[in-house]
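Below: one structure, written as structure tokens.
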Amino acid sequence: MTNDSMTNDLMSNNKNPWDITPAQRAIFSIIVMTGAFMAILDTTVVDVIVPKLTGPLATDMYGVQWIITSYMIAAAIGLLITEWLIKNYGAKQIFLAGVALFGAASFACGIANTLEEMIIFRVIQGVGEAFIMVTSHIMIFSYFPPHQQGLAMGIFGLGVSFAPALGPTIGGYLTEFYNWRMVFFINVPVGILLLISGIIFLPKETLFEKLKFNFISFLFLSFATVSLLIMLSKGQQFGWFSSSFIGILLFCSIIGFLLYALSEIHSKYKLIDFSLFKNPVFSNGMMIYFFILGFSMYQYFYLLPIYYEKIKMLPTLDAGIAVFAFAVFIGIFSPLAGMLADKIGAKKTVAIAAFFYVSTSIILLPQLNYYTPIHQAMLLTIPFGIGMGLFFAPVTVMVLQNAPKEKGELAIVLMDYFRFVGGSFGTALATNNMEYFKNMHFLRMNEIQNYEYVDNFLHKMQNLAGIGWEQIRIVFGNYEEFMSFNYGFYNTFMHAGYWGIFGTIFVMLLFVRFKNIKERIENEI
């Protein structure tokens, strides 16, 4: 069967999009999932090369942080316009446009020689990622019948949950054995193959809904989001609210959100339909996305590579391999969670995932420290990886099942937006907590020290090493700082888990029958 005849057959006789052969479903899913995997991998694969870019781009660490910040901001803004583009031009066209943007920008990032060039191309790459993530989410969901939607989201979870954890491994390998530019160049051939195969195989939509776009609300919400994400990314650098710059960003963010709210109230065409949140299952699902899949989970994505590199002092590649130990279990359990959701229901599967995730994050991960053997550290993260893998598919299915069919695109945009902003909050909080608890333990260590004993000990060490007094004091100070960093990780891991516990409140609310409560109140009145 030729592609044209296949597409015509799919779109004729008002067939459902999932009325396709298993071979077609496999081909479509592989294309879409490869795009999603490539896009979301870049959210963490670049993290490991950032320290290596200061020399080639002639900047410092604060400068290269904008390489990550600009990508996050562009992706968040791109999400806000994606629903309108899909409604007007179709998911396939926007998916292919996203792949083209992402691939071209990746090549441009690979040949960039200045910080300004890199930031511009990362912005374009971030917009491409937003287009790919929303459209791939929509498309793969449409390829499976309703009774297999959990499996569909389990497969999609391979990209959303597995790729961020795998990023440091791939980034470390490419950097160590080739060059940091290969982190970007690797996307180019993949993007070209995706573009060609997508044009040939992916079915086209024939029905489009011409929507009016609320450009004023978009500008206000974009302004608020940009201000918020810059504040979160730069808060630790500038000293949070002791800095007037951070205060101005907070003020701009609040004003932006207020102006957006006023624009939505007085506008005929809404940028976001908040009536979706009247459904308690939908709104609780969004809060789970924000607090667990975003706020808590992304802290661990950020912290574990740092633990292996800074505390266990592993080379970049070895740290990536250690992260892979739990990442592979995310990939294994994501589709299994989807199948479980199809059998016992999404809500029950979410509850199982929440119990597994919270118990492992609170009990196992805080045990990681400098003295933990590397094999034991890898084994302790495996149950946590299973908990991560169990989460994504059932939450997504639950949210989409409780959104009107015609609002599916908006629901997916909101899920990605909540997860993205929640992840930004979490990453910023993890950075702040690491610094805070490191300083706390450093001060505590100095408070309980016997200064006479320490002075005698340092003099003995000075004689043994044959170095000056100031040098031995610097060595001991570095040791104290390292150990305070080591002990601070316990608190940082625990605090990331606390946000997971907070998110389970919304998991429990899924089982509260709000309709019955409302009727009981009305009867009492």
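Quick note on naming: the chains in the structure tokens go A, B, ... in the order shown, residues restart at 1 in each chain, and ligands are numbered from 1 in order of appearance.
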Who sits within 12 Å of Tyr417 of chain A, only C-alpha atoms, same chain under 3 positions skipped, as JSON, numbers by chain:
{"A": [72, 73, 74, 75, 76, 77, 78, 79, 80, 81, 82, 83, 130, 133, 134, 221, 222, 225, 272, 286, 287, 289, 290, 293, 294, 410, 411, 412, 413, 414, 420, 421, 422, 423, 424]}
Counting only C-alpha atoms, which residues in segment 35-151 of chain A sit no more than 6 Å from segment 185-199 of chain A? For each one, give the nearest pair of atoms and the distance in Å, sorted by chain then residue number, as JSON lines.
```
{"residue": "A:Val99", "atom": "CA", "partner": "A:Gly191", "partner_atom": "CA", "distance": 5.9}
{"residue": "A:Gly103", "atom": "CA", "partner": "A:Val188", "partner_atom": "CA", "distance": 5.0}
{"residue": "A:Phe107", "atom": "CA", "partner": "A:Phe185", "partner_atom": "CA", "distance": 5.5}
{"residue": "A:Gly110", "atom": "CA", "partner": "A:Phe185", "partner_atom": "CA", "distance": 5.8}
```
Shell of 7 Å around segment 353-368 of chain A, only C-alpha atoms, local chain residues under 5 positions omitted, as a ChimeraX atom specification:
/A:377,380-381,383-384,387-388,390-391,490,493-494,497,500-501,504
For the residues in that selection, give me N, CA, C and O atoms as a short mmCIF file (atom, residue, chain, number, x, y, z; two decimals), in the first residue's frame.
```cif
data_model
loop_
_atom_site.label_atom_id
_atom_site.label_comp_id
_atom_site.auth_asym_id
_atom_site.auth_seq_id
_atom_site.Cartn_x
_atom_site.Cartn_y
_atom_site.Cartn_z
N ALA A 377 25.20 2.49 46.01
CA ALA A 377 24.49 3.70 45.60
C ALA A 377 23.63 3.44 44.36
O ALA A 377 22.47 3.87 44.29
N LEU A 380 20.59 1.38 45.37
CA LEU A 380 19.60 2.15 46.12
C LEU A 380 18.73 3.01 45.21
O LEU A 380 17.58 3.33 45.56
N THR A 381 19.28 3.41 44.06
CA THR A 381 18.49 4.26 43.16
C THR A 381 17.55 3.47 42.26
O THR A 381 16.65 4.05 41.66
N PRO A 383 15.10 1.09 42.97
CA PRO A 383 13.69 1.15 43.35
C PRO A 383 13.07 2.53 43.10
O PRO A 383 11.90 2.64 42.74
N PHE A 384 13.90 3.57 43.26
CA PHE A 384 13.41 4.92 42.98
C PHE A 384 13.11 5.08 41.49
O PHE A 384 12.13 5.70 41.10
N GLY A 387 9.81 3.64 40.82
CA GLY A 387 8.75 4.57 41.23
C GLY A 387 8.53 5.66 40.20
O GLY A 387 7.39 6.03 39.89
N MET A 388 9.62 6.21 39.65
CA MET A 388 9.51 7.22 38.60
C MET A 388 8.78 6.65 37.38
O MET A 388 7.90 7.29 36.81
N LEU A 390 6.65 4.29 37.16
CA LEU A 390 5.24 3.97 37.38
C LEU A 390 4.33 5.18 37.28
O LEU A 390 3.11 5.03 37.14
N PHE A 391 4.88 6.38 37.34
CA PHE A 391 4.05 7.56 37.53
C PHE A 391 3.44 8.15 36.26
O PHE A 391 2.25 8.44 36.21
N TYR A 490 22.03 14.93 52.39
CA TYR A 490 20.96 14.22 53.11
C TYR A 490 19.73 15.10 53.22
O TYR A 490 18.61 14.70 52.88
N PHE A 493 18.12 15.84 49.70
CA PHE A 493 17.32 14.70 49.23
C PHE A 493 16.00 14.62 49.98
O PHE A 493 14.94 14.35 49.40
N MET A 494 16.06 14.81 51.29
CA MET A 494 14.84 14.72 52.10
C MET A 494 13.83 15.79 51.70
O MET A 494 12.63 15.52 51.59
N GLY A 497 12.03 14.93 48.67
CA GLY A 497 11.00 13.94 48.98
C GLY A 497 9.79 14.54 49.66
O GLY A 497 8.66 14.08 49.46
N GLY A 500 7.35 15.54 47.24
CA GLY A 500 6.62 14.38 46.75
C GLY A 500 5.49 14.00 47.69
O GLY A 500 4.38 13.67 47.26
N ILE A 501 5.77 14.08 49.01
CA ILE A 501 4.72 13.79 50.01
C ILE A 501 3.58 14.80 49.87
O ILE A 501 2.40 14.44 49.92
N THR A 504 1.27 13.95 47.17
CA THR A 504 0.37 12.82 47.40
C THR A 504 -0.96 13.26 48.00
O THR A 504 -1.93 12.49 47.98
#
```
Might you pull out every residue within 12 Å of Asn179 of chain A, with only C-alpha atoms counted and same-chain residues fewer than 6 positions away left off, and present them as a PyMOL selection string?
chain A and resi 49+52-53+56+110-111+171-173+185-186
Got a sec: who's within 8 Å of segment 298-302 of chain A, counting only C-alpha atoms, leaving out chain neighbours fewer than 2 positions off, as a PyMOL selection string?
chain A and resi 164-165+293-296+304-306+423-424+426-427+429-430+493+496
Pull N, CA and C atoms from the residues just selected and write them as a PDB file, in the first residue's frame.
```
ATOM      1  N   PRO A 164      15.289  12.222  30.306  1.00  0.00           N
ATOM      2  CA  PRO A 164      16.036  13.127  31.191  1.00  0.00           C
ATOM      3  C   PRO A 164      17.063  12.413  32.060  1.00  0.00           C
ATOM      4  N   ALA A 165      16.720  11.189  32.502  1.00  0.00           N
ATOM      5  CA  ALA A 165      17.668  10.441  33.323  1.00  0.00           C
ATOM      6  C   ALA A 165      18.834   9.913  32.502  1.00  0.00           C
ATOM      7  N   LEU A 293       5.683  15.184  39.413  1.00  0.00           N
ATOM      8  CA  LEU A 293       6.412  14.996  38.165  1.00  0.00           C
ATOM      9  C   LEU A 293       7.292  16.193  37.819  1.00  0.00           C
ATOM     10  N   GLY A 294       6.999  17.347  38.389  1.00  0.00           N
ATOM     11  CA  GLY A 294       7.811  18.538  38.138  1.00  0.00           C
ATOM     12  C   GLY A 294       8.670  18.900  39.331  1.00  0.00           C
ATOM     13  N   PHE A 295       8.035  19.423  40.377  1.00  0.00           N
ATOM     14  CA  PHE A 295       8.735  19.997  41.521  1.00  0.00           C
ATOM     15  C   PHE A 295       9.665  18.991  42.203  1.00  0.00           C
ATOM     16  N   SER A 296       9.170  17.789  42.491  1.00  0.00           N
ATOM     17  CA  SER A 296       9.973  16.809  43.231  1.00  0.00           C
ATOM     18  C   SER A 296      10.896  16.013  42.314  1.00  0.00           C
ATOM     19  N   LEU A 304      21.069  13.815  41.399  1.00  0.00           N
ATOM     20  CA  LEU A 304      21.811  12.555  41.337  1.00  0.00           C
ATOM     21  C   LEU A 304      23.097  12.651  40.503  1.00  0.00           C
ATOM     22  N   PRO A 305      23.079  13.294  39.304  1.00  0.00           N
ATOM     23  CA  PRO A 305      24.361  13.456  38.602  1.00  0.00           C
ATOM     24  C   PRO A 305      25.379  14.273  39.397  1.00  0.00           C
ATOM     25  N   ILE A 306      24.901  15.306  40.132  1.00  0.00           N
ATOM     26  CA  ILE A 306      25.814  16.113  40.958  1.00  0.00           C
ATOM     27  C   ILE A 306      26.398  15.263  42.083  1.00  0.00           C
ATOM     28  N   GLY A 423       9.236  21.798  37.295  1.00  0.00           N
ATOM     29  CA  GLY A 423      10.622  21.355  37.245  1.00  0.00           C
ATOM     30  C   GLY A 423      11.591  22.503  37.417  1.00  0.00           C
ATOM     31  N   SER A 424      11.258  23.665  36.858  1.00  0.00           N
ATOM     32  CA  SER A 424      12.114  24.843  37.022  1.00  0.00           C
ATOM     33  C   SER A 424      12.158  25.279  38.481  1.00  0.00           C
ATOM     34  N   GLY A 426      11.615  23.332  41.040  1.00  0.00           N
ATOM     35  CA  GLY A 426      12.326  22.300  41.783  1.00  0.00           C
ATOM     36  C   GLY A 426      13.828  22.395  41.634  1.00  0.00           C
ATOM     37  N   THR A 427      14.295  22.614  40.403  1.00  0.00           N
ATOM     38  CA  THR A 427      15.730  22.723  40.163  1.00  0.00           C
ATOM     39  C   THR A 427      16.329  23.910  40.910  1.00  0.00           C
ATOM     40  N   LEU A 429      15.068  25.316  43.596  1.00  0.00           N
ATOM     41  CA  LEU A 429      15.001  25.031  45.028  1.00  0.00           C
ATOM     42  C   LEU A 429      16.102  24.068  45.449  1.00  0.00           C
ATOM     43  N   ALA A 430      16.379  23.057  44.604  1.00  0.00           N
ATOM     44  CA  ALA A 430      17.441  22.107  44.923  1.00  0.00           C
ATOM     45  C   ALA A 430      18.795  22.806  45.009  1.00  0.00           C
ATOM     46  N   PHE A 493      18.115  15.839  49.696  1.00  0.00           N
ATOM     47  CA  PHE A 493      17.322  14.704  49.225  1.00  0.00           C
ATOM     48  C   PHE A 493      15.999  14.617  49.984  1.00  0.00           C
ATOM     49  N   ALA A 496      13.500  17.257  48.816  1.00  0.00           N
ATOM     50  CA  ALA A 496      12.895  16.895  47.531  1.00  0.00           C
ATOM     51  C   ALA A 496      11.794  15.869  47.737  1.00  0.00           C
TER      52      ALA A 496
END
```
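If you measure from each of A:Ser283, A:Thr54, A:Thr59, A:Gln24 to Ala403 of chain A using only C-alpha atoms, the closest one turns out to be A:Ser283.
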As a ChimeraX atom specification, please: the residues near segment 261-268 of chain A (cut-off 8 Å, only C-alpha atoms, same-chain neighbours under 2 positions excluded).
/A:214,216-217,257-259,270-271
Filtering to N, CA and C atoms, could you give me those residues as a CSV table (one decimal), in the first residue's frame?
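Output (part.csv):
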```
chain,number,residue,atom,x,y,z
A,214,ASN,N,-5.6,34.8,21.1
A,214,ASN,CA,-5.6,35.9,22.0
A,214,ASN,C,-4.2,36.4,22.2
A,216,ILE,N,-2.9,39.3,23.1
A,216,ILE,CA,-2.7,40.1,24.3
A,216,ILE,C,-2.4,39.2,25.5
A,217,SER,N,-3.3,38.2,25.7
A,217,SER,CA,-3.1,37.3,26.8
A,217,SER,C,-1.8,36.5,26.7
A,257,PHE,N,1.1,38.2,35.5
A,257,PHE,CA,0.0,37.2,35.7
A,257,PHE,C,-1.3,38.0,36.0
A,258,LEU,N,-1.2,39.1,36.7
A,258,LEU,CA,-2.4,39.9,37.0
A,258,LEU,C,-3.0,40.5,35.7
A,259,LEU,N,-2.1,41.0,34.8
A,259,LEU,CA,-2.6,41.6,33.6
A,259,LEU,C,-3.2,40.4,32.7
A,270,LYS,N,-10.5,33.1,24.8
A,270,LYS,CA,-9.6,32.8,25.9
A,270,LYS,C,-8.3,32.1,25.4
A,271,LEU,N,-7.2,32.4,26.0
A,271,LEU,CA,-6.0,31.7,25.7
A,271,LEU,C,-6.0,30.3,26.3
```
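Nearest-residue note for Leu96 of chain A: choosing from A:Ala337, A:Leu202, A:Ala108, A:Ile155, the minimum distance belongs to A:Leu202, counting only C-alpha atoms.
Proximity ranking of A:Glu117, A:Glu176, A:Glu129, A:Glu447 relative to Ala319 of chain A places A:Glu176 first, based on only C-alpha atoms.
Atom pair atom CA of Ile120 of chain A / atom CA of Ser253 of chain A: separated by 22.8 Å.
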Which of segment 271-493 of chain A end up as alpha helix (DSSP H) when DSSP is run on this backbone - answer as number ranges by chain?
A: 280-288, 297-306, 316-344, 346-363, 374-401, 408-447, 451-465, 469-493
Please list as number ranges by chain every residue within 9 Å of Phe442 of chain A, counting only C-alpha atoms and excluding residues in the same chain fewer than 5 positions away.
A: 437, 447, 480-481, 483-485
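Interatomic distance, atom CA of Ile140 of chain A to atom CA of Gly503 of chain A: 27.0 Å.
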Compare A:Thr175, A:Ser242, A:Ser29, A:Thr169 by their minimum atom-to-atom distance to Ala152 of chain A, counting only C-alpha atoms, and give me the closest one.
A:Ser29
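Across the model, the gap from atom CA of Cys109 of chain A to atom CA of Phe184 of chain A is 6.4 Å.
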Between A:Ile321, A:Leu250, A:Val32, A:Ala393, which residue has the minimum interatomic distance to Tyr143 of chain A, considering only C-alpha atoms?
A:Val32
